[in-house]
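J.: Input target.tsv, format and content: TSV, C-alpha atoms and all ligand atoms.
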chain	number	residue	atom	x	y	z
A	1	MET	CA	-2.54	-36.59	-3.98
A	2	LYS	CA	-0.14	-38.98	-5.68
A	3	ARG	CA	3.24	-39.36	-4.01
A	4	ARG	CA	4.95	-38.06	-7.15
A	5	ASP	CA	2.77	-34.89	-7.07
A	6	PHE	CA	3.39	-34.42	-3.36
A	7	ILE	CA	7.14	-34.50	-3.89
A	8	LYS	CA	6.80	-32.06	-6.78
A	9	ASN	CA	4.74	-29.63	-4.69
A	10	ALA	CA	6.88	-29.98	-1.58
A	11	SER	CA	9.99	-29.17	-3.55
A	12	LEU	CA	8.34	-25.96	-4.66
A	13	THR	CA	7.20	-24.82	-1.23
A	14	GLY	CA	8.76	-24.50	2.23
A	15	VAL	CA	10.83	-27.67	2.07
A	16	GLY	CA	12.24	-26.75	-1.27
A	17	LEU	CA	12.85	-23.20	-0.16
A	18	THR	CA	15.08	-24.18	2.73
A	19	VAL	CA	17.12	-26.45	0.54
A	20	GLY	CA	16.95	-23.97	-2.28
A	21	GLY	CA	18.16	-21.17	-0.02
A	22	SER	CA	21.40	-22.97	0.71
A	23	ILE	CA	21.77	-23.94	-2.91
A	24	LEU	CA	21.50	-20.30	-3.87
A	25	ASN	CA	23.94	-19.21	-1.20
A	26	CYS	CA	26.54	-21.72	-2.27
A	27	ALA	CA	26.13	-21.20	-5.96
A	28	GLU	CA	28.16	-18.05	-6.22
A	29	ASN	CA	29.20	-18.90	-9.72
A	30	LEU	CA	25.60	-19.16	-11.00
A	31	SER	CA	24.67	-16.35	-13.36
A	32	GLU	CA	22.21	-13.74	-12.02
A	33	LYS	CA	19.64	-14.94	-14.56
A	34	THR	CA	19.91	-18.55	-13.40
A	35	LYS	CA	19.64	-17.47	-9.77
A	36	ASN	CA	16.54	-15.40	-10.49
A	37	GLU	CA	14.91	-18.21	-12.45
A	38	THR	CA	15.68	-20.65	-9.63
A	39	THR	CA	14.24	-18.28	-7.03
A	40	MET	CA	11.09	-17.81	-9.10
A	41	ALA	CA	10.61	-21.55	-9.53
A	42	LEU	CA	11.04	-22.08	-5.79
A	43	ASN	CA	8.47	-19.39	-5.08
A	44	LYS	CA	5.66	-21.06	-7.05
A	45	ASN	CA	2.71	-22.53	-5.15
A	46	LYS	CA	3.10	-20.28	-2.13
A	47	THR	CA	0.56	-19.81	0.58
A	48	PRO	CA	-0.99	-16.52	-0.42
A	49	ILE	CA	-0.72	-13.56	1.95
A	50	ALA	CA	-2.51	-10.20	2.03
A	51	ILE	CA	-1.43	-7.39	4.32
A	52	CYS	CA	-2.82	-3.89	4.60
A	53	THR	CA	-2.44	-0.79	6.69
A	54	TRP	CA	-4.81	-0.31	9.64
A	55	GLY	CA	-7.61	-2.54	10.88
A	56	PHE	CA	-9.43	-2.93	7.59
A	57	VAL	CA	-10.73	-6.41	8.33
A	58	ALA	CA	-13.18	-6.74	5.45
A	59	ALA	CA	-10.84	-5.27	2.84
A	60	ASN	CA	-7.99	-7.56	3.79
A	61	ALA	CA	-10.28	-10.60	4.00
A	62	LYS	CA	-11.58	-9.83	0.52
A	63	ALA	CA	-8.06	-9.75	-0.90
A	64	GLY	CA	-6.98	-12.84	1.06
A	65	GLU	CA	-9.98	-14.88	-0.06
A	66	GLN	CA	-9.46	-13.90	-3.68
A	67	LEU	CA	-5.81	-14.87	-3.45
A	68	PHE	CA	-6.77	-18.17	-1.92
A	69	LYS	CA	-9.09	-18.86	-4.87
A	70	GLY	CA	-6.19	-18.24	-7.22
A	71	SER	CA	-6.66	-14.60	-8.17
A	72	LYS	CA	-3.51	-12.71	-9.10
A	73	ALA	CA	-1.85	-10.37	-6.60
A	74	LEU	CA	-2.79	-7.10	-8.31
A	75	ASP	CA	-6.45	-7.98	-8.92
A	76	SER	CA	-6.76	-9.13	-5.30
A	77	ALA	CA	-5.22	-5.93	-3.93
A	78	ILE	CA	-7.50	-3.74	-6.04
A	79	ALA	CA	-10.59	-5.75	-4.98
A	80	GLY	CA	-9.50	-5.43	-1.35
A	81	VAL	CA	-8.92	-1.68	-1.30
A	82	ALA	CA	-12.18	-1.11	-3.22
A	83	ILE	CA	-14.02	-2.11	-0.04
A	84	GLU	CA	-12.60	0.95	1.73
A	85	GLU	CA	-12.99	3.21	-1.31
A	86	GLU	CA	-16.70	2.42	-1.16
A	87	ASN	CA	-16.94	2.62	2.63
A	88	ILE	CA	-18.44	6.04	3.33
A	89	LYS	CA	-17.53	5.77	7.03
A	90	ASN	CA	-13.84	5.91	6.16
A	91	THR	CA	-13.05	9.61	5.98
A	92	THR	CA	-9.60	9.34	4.38
A	93	VAL	CA	-10.26	6.96	1.47
A	94	GLY	CA	-12.61	7.11	-1.52
A	95	LYS	CA	-16.25	8.15	-1.19
A	96	GLY	CA	-16.80	9.87	2.15
A	97	GLY	CA	-13.20	11.08	2.26
A	98	ALA	CA	-12.62	14.49	3.82
A	99	PRO	CA	-12.53	17.31	1.25
A	100	ASP	CA	-9.87	19.94	0.65
A	101	ARG	CA	-10.17	23.45	2.10
A	102	GLU	CA	-12.60	24.41	-0.67
A	103	GLY	CA	-14.90	21.47	-0.01
A	104	ASN	CA	-13.82	19.29	-2.98
A	105	VAL	CA	-12.98	15.63	-2.37
A	106	THR	CA	-9.89	14.78	-4.42
A	107	LEU	CA	-8.47	11.26	-4.45
A	108	ASP	CA	-4.98	9.85	-5.07
A	109	ALA	CA	-4.09	6.24	-5.83
A	110	CYS	CA	-1.48	4.02	-7.40
A	111	VAL	CA	-0.93	0.37	-8.20
A	112	MET	CA	2.20	-1.61	-9.00
A	113	ASP	CA	2.26	-5.04	-10.56
A	114	SER	CA	4.69	-7.93	-10.24
A	115	ASN	CA	6.09	-7.28	-13.73
A	116	GLY	CA	7.24	-3.81	-12.67
A	117	ASP	CA	4.42	-1.94	-14.42
A	118	CYS	CA	2.59	0.75	-12.51
A	119	GLY	CA	-0.18	3.30	-12.80
A	120	SER	CA	-1.21	6.31	-10.80
A	121	VAL	CA	-3.92	8.98	-10.57
A	122	LEU	CA	-3.62	12.27	-8.73
A	123	CYS	CA	-6.23	14.68	-7.43
A	124	VAL	CA	-9.22	12.98	-9.07
A	125	GLU	CA	-12.76	14.15	-8.35
A	126	ASN	CA	-16.09	12.30	-8.71
A	127	ILE	CA	-14.66	8.78	-9.13
A	128	THR	CA	-14.80	6.29	-6.25
A	129	ASN	CA	-12.60	3.38	-7.35
A	130	VAL	CA	-9.40	5.22	-8.08
A	131	ALA	CA	-7.10	2.20	-7.54
A	132	GLU	CA	-8.89	0.46	-10.42
A	133	LEU	CA	-8.56	3.72	-12.39
A	134	ALA	CA	-4.81	3.73	-11.69
A	135	LYS	CA	-4.67	0.20	-13.07
A	136	ARG	CA	-6.44	1.36	-16.25
A	137	VAL	CA	-3.82	4.09	-16.67
A	138	MET	CA	-1.26	1.29	-16.48
A	139	THR	CA	-3.01	-1.08	-18.88
A	140	GLU	CA	-4.91	1.23	-21.26
A	141	THR	CA	-2.53	4.13	-21.82
A	142	PRO	CA	1.17	4.45	-22.63
A	143	HIS	CA	1.55	6.53	-19.42
A	144	VAL	CA	2.12	6.01	-15.71
A	145	ILE	CA	0.37	9.07	-14.23
A	146	LEU	CA	-2.81	10.97	-15.07
A	147	ALA	CA	-3.85	13.95	-12.96
A	148	GLY	CA	-7.00	15.91	-12.21
A	149	LEU	CA	-9.57	16.47	-14.94
A	150	GLY	CA	-7.60	14.41	-17.43
A	151	ALA	CA	-7.79	11.41	-15.12
A	152	GLU	CA	-11.49	12.00	-14.50
A	153	GLU	CA	-12.33	12.25	-18.21
A	154	PHE	CA	-10.27	9.12	-18.88
A	155	ALA	CA	-12.34	7.36	-16.19
A	156	TYR	CA	-15.61	8.19	-17.96
A	157	ARG	CA	-14.19	6.93	-21.26
A	158	GLN	CA	-13.34	3.72	-19.41
A	159	GLY	CA	-16.94	3.35	-18.23
A	160	PHE	CA	-16.55	4.59	-14.63
A	161	GLU	CA	-19.60	6.33	-13.21
A	162	LYS	CA	-19.65	9.88	-11.90
A	163	ASP	CA	-20.25	9.89	-8.16
A	164	ASN	CA	-20.65	12.62	-5.54
A	165	LEU	CA	-17.83	11.79	-3.10
A	166	LEU	CA	-18.80	14.39	-0.48
A	167	THR	CA	-21.15	12.70	1.95
A	168	GLU	CA	-23.40	14.63	4.31
A	169	ASP	CA	-21.19	13.66	7.28
A	170	SER	CA	-17.96	14.77	5.57
A	171	LYS	CA	-19.63	18.01	4.47
A	172	LYS	CA	-20.78	18.74	7.99
A	173	ALA	CA	-17.33	18.03	9.48
A	174	TRP	CA	-15.77	20.36	6.87
A	175	GLU	CA	-18.33	23.10	7.66
A	176	ASP	CA	-17.46	22.76	11.35
A	177	TRP	CA	-13.77	23.03	10.52
A	178	LEU	CA	-14.48	26.19	8.46
A	179	LYS	CA	-15.65	27.95	11.63
A	180	SER	CA	-12.01	28.18	12.79
A	181	PRO	CA	-9.98	26.97	9.81
A	182	GLU	CA	-6.44	26.71	11.11
A	183	TYR	CA	-4.23	25.37	8.33
A	184	LYS	CA	-2.12	22.89	10.21
A	185	PRO	CA	-2.10	19.62	8.32
A	186	LEU	CA	-1.82	17.03	11.00
A	187	ILE	CA	-1.64	13.31	10.75
A	188	ASN	CA	-2.43	11.77	14.05
A	189	ILE	CA	-4.14	8.58	15.08
A	190	GLU	CA	-7.62	9.86	14.31
A	191	ASN	CA	-6.85	11.55	10.97
A	192	HIS	CA	-5.08	8.64	9.40
A	193	ASP	CA	-6.71	5.83	7.47
A	194	THR	CA	-5.11	5.49	4.05
A	195	ILE	CA	-5.25	1.93	2.82
A	196	GLY	CA	-2.11	0.43	1.33
A	197	MET	CA	-2.24	-3.26	0.50
A	198	LEU	CA	0.40	-5.80	-0.52
A	199	CYS	CA	-0.49	-9.24	-1.88
A	200	LEU	CA	1.59	-12.35	-2.46
A	201	ASP	CA	-0.30	-14.77	-4.70
A	202	LYS	CA	-0.11	-18.53	-5.22
A	203	ASP	CA	2.45	-18.08	-7.98
A	204	GLY	CA	4.69	-16.25	-5.51
A	205	ASP	CA	4.12	-12.93	-7.29
A	206	ILE	CA	3.80	-9.69	-5.35
A	207	ALA	CA	1.74	-6.60	-6.26
A	208	GLY	CA	0.12	-3.74	-4.37
A	209	ALA	CA	-2.27	-0.81	-4.29
A	210	CYS	CA	-2.50	2.39	-2.28
A	211	THR	CA	-5.52	4.73	-2.20
A	212	THR	CA	-6.44	7.84	-0.19
A	213	SER	CA	-8.21	11.18	-0.05
A	214	GLY	CA	-5.02	12.54	1.53
A	215	LEU	CA	-4.88	15.11	4.29
A	216	SER	CA	-8.18	16.47	5.52
A	217	TYR	CA	-8.80	20.09	4.41
A	218	LYS	CA	-5.57	20.16	2.42
A	219	MET	CA	-4.70	23.02	0.06
A	220	LYS	CA	-6.38	22.68	-3.31
A	221	GLY	CA	-4.12	20.62	-5.56
A	222	ARG	CA	-2.05	19.15	-2.74
A	223	VAL	CA	-0.85	15.59	-3.44
A	224	GLY	CA	0.93	13.40	-0.91
A	225	ASP	CA	2.98	10.24	-1.14
A	226	SER	CA	0.19	7.73	-1.72
A	227	PRO	CA	-0.02	7.92	-5.55
A	228	ILE	CA	3.72	8.39	-6.02
A	229	ILE	CA	5.46	5.19	-7.05
A	230	GLY	CA	8.46	4.63	-4.77
A	231	SER	CA	7.06	6.77	-1.95
A	232	GLY	CA	3.56	5.48	-1.12
A	233	LEU	CA	4.13	2.09	-2.75
A	234	PHE	CA	6.90	0.11	-4.37
A	235	ILE	CA	7.14	-3.47	-5.60
A	236	ASP	CA	10.07	-5.40	-6.95
A	237	ASN	CA	8.85	-8.91	-7.59
A	238	GLU	CA	12.31	-10.39	-7.10
A	239	ILE	CA	12.59	-8.84	-3.63
A	240	GLY	CA	9.28	-7.73	-2.10
A	241	GLY	CA	7.06	-4.73	-1.60
A	242	ALA	CA	6.35	-1.88	0.79
A	243	VAL	CA	3.60	0.64	1.36
A	244	ALA	CA	3.25	3.76	3.52
A	245	THR	CA	0.61	5.65	5.44
A	246	GLY	CA	0.94	8.89	7.35
A	247	MET	CA	2.37	12.34	6.68
A	248	GLY	CA	2.99	12.08	2.98
A	249	GLU	CA	5.42	15.00	2.73
A	250	GLU	CA	7.91	13.17	4.95
A	251	VAL	CA	7.52	9.87	3.10
A	252	LEU	CA	8.14	11.73	-0.18
A	253	LYS	CA	11.35	13.30	1.13
A	254	THR	CA	12.83	9.88	1.86
A	255	VAL	CA	11.18	7.89	-0.99
A	256	GLY	CA	10.18	5.53	1.79
A	257	SER	CA	8.73	2.48	0.03
A	258	PHE	CA	11.52	2.28	-2.55
A	259	LEU	CA	14.02	2.63	0.27
A	260	ILE	CA	12.51	-0.33	2.13
A	261	VAL	CA	12.60	-2.57	-0.94
A	262	GLU	CA	16.23	-1.60	-1.62
A	263	LEU	CA	17.16	-2.31	2.00
A	264	MET	CA	15.54	-5.74	1.65
A	265	ARG	CA	17.50	-6.26	-1.58
A	266	ASN	CA	20.63	-5.67	0.48
A	267	GLY	CA	19.67	-8.39	2.91
A	268	MET	CA	17.50	-6.72	5.52
A	269	SER	CA	14.32	-8.37	6.77
A	270	PRO	CA	11.03	-6.54	6.08
A	271	GLN	CA	10.97	-5.59	9.77
A	272	GLY	CA	14.53	-4.23	9.78
A	273	ALA	CA	13.93	-2.33	6.55
A	274	CYS	CA	10.75	-0.66	7.88
A	275	GLU	CA	12.61	0.34	11.04
A	276	GLU	CA	15.48	1.86	9.07
A	277	ALA	CA	13.07	3.81	6.83
A	278	VAL	CA	11.38	5.29	9.91
A	279	ARG	CA	14.79	6.13	11.42
A	280	ARG	CA	15.74	8.04	8.24
A	281	ILE	CA	12.89	10.40	9.12
A	282	THR	CA	13.21	10.57	12.89
A	283	SER	CA	16.99	11.11	12.81
A	284	LYS	CA	16.71	14.37	10.79
A	285	ASN	CA	15.19	16.54	13.54
A	286	ASP	CA	12.50	16.25	16.17
A	287	ARG	CA	9.57	17.37	14.02
A	288	TYR	CA	8.50	13.72	13.92
A	289	LYS	CA	6.92	14.30	17.34
A	290	ASP	CA	4.02	16.01	15.53
A	291	PHE	CA	3.20	13.46	12.87
A	292	GLN	CA	2.73	9.78	12.32
A	293	ILE	CA	4.21	7.58	9.58
A	294	ALA	CA	3.83	3.84	9.29
A	295	TYR	CA	5.22	1.30	6.85
A	296	ILE	CA	4.36	-2.30	6.14
A	297	ALA	CA	6.46	-4.60	3.96
A	298	ILE	CA	6.60	-8.16	2.67
A	299	ASN	CA	9.42	-10.09	1.06
A	300	LYS	CA	9.47	-12.87	-1.50
A	301	SER	CA	9.50	-15.57	1.20
A	302	GLY	CA	6.30	-14.15	2.73
A	303	GLU	CA	8.00	-12.58	5.76
A	304	VAL	CA	6.20	-9.46	6.88
A	305	GLY	CA	7.34	-6.36	8.80
A	306	SER	CA	5.93	-3.10	10.08
A	307	TYR	CA	7.15	-0.05	11.94
A	308	CYS	CA	5.79	3.40	12.72
A	309	ILE	CA	6.80	6.53	14.61
A	310	HIS	CA	4.14	6.64	17.31
A	311	LYS	CA	2.23	3.98	19.15
A	312	GLY	CA	-1.20	3.14	17.76
A	313	PHE	CA	-0.66	1.84	14.24
A	314	THR	CA	-2.01	-1.62	13.42
A	315	TYR	CA	-2.06	-3.64	10.23
A	316	MET	CA	-3.95	-6.66	8.90
A	317	LYS	CA	-2.43	-9.96	7.83
A	318	TYR	CA	-4.38	-12.69	6.04
A	319	GLN	CA	-2.74	-16.09	5.69
A	320	ASN	CA	-4.08	-19.65	5.78
A	321	GLY	CA	-7.64	-18.47	6.32
A	322	GLU	CA	-6.73	-16.32	9.33
A	323	ASN	CA	-7.16	-12.57	9.17
A	324	ASN	CA	-5.36	-10.93	12.09
A	325	ASN	CA	-5.02	-7.36	13.25
A	326	ILE	CA	-1.45	-6.87	14.46
A	327	HIS	CA	-0.02	-4.04	16.57
A	328	SER	CA	3.04	-2.52	14.99
A	329	ASP	CA	6.18	-1.79	16.95
A	330	TYR	CA	7.01	1.93	17.06
A	331	PHE	CA	9.92	4.33	17.41
A	332	ASP	CA	8.87	6.95	19.95
A	333	LYS	CA	8.93	5.10	23.26
A	334	ALA	CA	9.80	8.18	25.31
B	401	LIG	C1	-1.08	11.61	2.35
B	401	LIG	N1	-0.17	9.54	3.14
B	401	LIG	O1	-1.83	12.10	1.52
B	401	LIG	C2	-1.40	10.23	2.89
B	401	LIG	C3	-2.26	10.41	4.09
B	401	LIG	C4	-2.50	9.20	4.89
B	401	LIG	O2	-3.81	8.09	6.36
B	401	LIG	O3	-1.78	8.23	4.88
B	401	LIG	N2	-3.53	9.19	5.66
B	401	LIG	O4	-0.10	12.20	2.79
Would you kindly transcribe this structure into structure tokens?
T.:
Amino acid sequence: MKRRDFIKNASLTGVGLTVGGSILNCAENLSEKTKNETTMALNKNKTPIAICTWGFVAANAKAGEQLFKGSKALDSAIAGVAIEEENIKNTTVGKGGAPDREGNVTLDACVMDSNGDCGSVLCVENITNVAELAKRVMTETPHVILAGLGAEEFAYRQGFEKDNLLTEDSKKAWEDWLKSPEYKPLINIENHDTIGMLCLDKDGDIAGACTTSGLSYKMKGRVGDSPIIGSGLFIDNEIGGAVATGMGEEVLKTVGSFLIVELMRNGMSPQGACEEAVRRITSKNDRYKDFQIAYIAINKSGEVGSYCIHKGFTYMKYQNGENNNIHSDYFDKA
């Protein structure tokens, strides 16, 4: 690399960021637009990062490798989560997901891009790659959300194939559950595998995807937080992104992912913001003892955070060719 190029690159990466950080802090009289443009310029040529909920090694590696090759954040996140949507051993995402009480597998997903656009599908049957479908809602329709049969028919028009999502194993587990069908939606360590992924690409842009079959044996038509922009996922490319897994009803009540991004906007680290979002839930009453919620978040500088209610949640982080499974800190240490 020529010296001139090295200096140019260095000024756009870590070295430049440190200097740039103090420039931004001092420059109180800069207009917001100038500050944003400066921040964006400083964020170019970043080391890409992919993070996702749980120990989804292959999914996170897929996203990380794509990012490394120069793929954009949203495409990388969708390619990453597709691995779990197609993994029939994962019983809370995509094909092989647990059905509702009536035996129908219904999927929820959303995506959010670095330009603030988003797409979402709710309660979709017979389609495996619902994160990609959510992206098509974003790019191919004037809408943000499509639900149920409308989303499914839109998928066929987009060339998606009809697939039977109920595998023999999931069917058998549901039939066993039917023998004593207590309706007590529970999210614990075993029943808890939604994949939410956040990617920071080489241009410093952040995007994400979240995809799930929701609660096992849920009421027909039940939708959780995962496809709801602001609850299951939220991105603001000037600040960062967050994604949730766990008892969706409680994430919805606190608009958890949006809350985390807003806390980061107000100066909190991703870690601090995830902790505060969990505290918003645990401080209401002690019902949290019966369910799990976990958040992961990333900010524009590539700092990452995670927090959950109960011990046991892990997340993946891919950076510089390393793909690590990290144990999250948790609230309930009693
Ligand atoms: C939901 N948040 O439907 C999802 C469930 C989940 O791992 O995260 N499972 O409420």
J.: Let me see if you get this right: every residue at most 8 Å from ligand LIG 401 (chain B), counting all atoms listed in the file, written as a ChimeraX atom specification.
T.: /A:92,108,187,191-195,212-215,223-226,232,244-249,251,293
J.: Please provide the set of residues having any atom within 7 Å of region 197-206 of chain A, restricted to all atoms listed in the file, with same-chain residues fewer than 4 positions apart removed, written as a PyMOL selection string.
T.: chain A and resi 43-53+67+70+72-73+77+114+210+237+240-241
J.: Residues around (-11.7, 5.3, -15.8), cut-off 10 Å, counting all atoms listed in the file - what are they as a CSV table (one decimal) with C-alpha atoms, in the coordinates of the input?
T.:
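For reference, point.csv as written:
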chain,number,residue,atom,x,y,z
A,127,ILE,CA,-14.7,8.8,-9.1
A,129,ASN,CA,-12.6,3.4,-7.4
A,130,VAL,CA,-9.4,5.2,-8.1
A,131,ALA,CA,-7.1,2.2,-7.5
A,132,GLU,CA,-8.9,0.5,-10.4
A,133,LEU,CA,-8.6,3.7,-12.4
A,134,ALA,CA,-4.8,3.7,-11.7
A,135,LYS,CA,-4.7,0.2,-13.1
A,136,ARG,CA,-6.4,1.4,-16.2
A,137,VAL,CA,-3.8,4.1,-16.7
A,140,GLU,CA,-4.9,1.2,-21.3
A,151,ALA,CA,-7.8,11.4,-15.1
A,152,GLU,CA,-11.5,12.0,-14.5
A,153,GLU,CA,-12.3,12.2,-18.2
A,154,PHE,CA,-10.3,9.1,-18.9
A,155,ALA,CA,-12.3,7.4,-16.2
A,156,TYR,CA,-15.6,8.2,-18.0
A,157,ARG,CA,-14.2,6.9,-21.3
A,158,GLN,CA,-13.3,3.7,-19.4
A,159,GLY,CA,-16.9,3.4,-18.2
A,160,PHE,CA,-16.6,4.6,-14.6
A,161,GLU,CA,-19.6,6.3,-13.2
A,162,LYS,CA,-19.6,9.9,-11.9
J.: Please measure the separation of CA of Val304 (chain A) and CA of Ser269 (chain A), giving the value in Å to one decimal.
T.: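 Result for CA of Val304 (chain A) versus CA of Ser269 (chain A): 8.2 Å, one decimal.
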J.: So, counting all atoms listed in the file, which residue among A:Val121, A:Ala79, A:Leu259, A:Ala209 is closest to Glu65 (chain A)?
T.: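 Comparing A:Val121, A:Ala79, A:Leu259, A:Ala209 against Glu65 (chain A), the winner is A:Ala79.
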J.: Name the closest residue to Met112 (chain A) among the candidates A:Ala98, A:Ile88, A:Ile228, A:Val255; distances are taken between atoms, counting all atoms listed in the file.
T.: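 For Met112 (chain A), the nearest of the candidates is A:Ile228.
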J.: Within 12 Å of Trp174 (chain A), counting only C-alpha atoms, which residues show up once you throw out same-chain ones fewer than 2 positions away? Write them as a PyMOL selection string, please.
T.: chain A and resi 91+96-105+166-172+176-181+216-218
J.: Quick one: distance from CA of Asp290 (chain A) to CA of Ala147 (chain A) in Å, one decimal?
T.: 29.6 Å
J.: Tell me, in Å to one decimal, how far CA of Leu263 (chain A) is from CA of Asp113 (chain A).
T.: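 Here the two named atoms are 19.7 Å from each other.
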J.: Please return as a ChimeraX atom specification every residue within 8 Å of (15.9, -8.6, -1.0), taking into account all atoms listed in the file and the file's own coordinates.
T.: /A:238-240,261-269,299-300
J.: So, counting only C-alpha atoms, which residue among A:Phe331, A:Asn324, A:Gly272, A:Tyr318 is closest to Gln292 (chain A)?
T.: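 Closest to Gln292 (chain A) of all the choices is A:Phe331.
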J.: Find, counting all atoms listed in the file, the residue in A:Leu107, A:Ile326, A:Tyr315, A:Glu250 that gets nearest to Phe291 (chain A).
T.: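 Smallest distance to Phe291 (chain A) is found for A:Glu250.
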J.: Which residue gives the smallest distance to Trp54 (chain A) among A:Ser120, A:Thr314, A:Asn90, A:Asn323, with all atoms listed in the file counted?
T.: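 Among the listed residues, A:Thr314 lies closest to Trp54 (chain A).
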J.: Pick out the closest residue to Asp286 (chain A) from this set: A:Gly80, A:Asp332, A:Thr128, A:Cys308. Count all atoms listed in the file.
T.: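 For Asp286 (chain A), the nearest of the candidates is A:Asp332.
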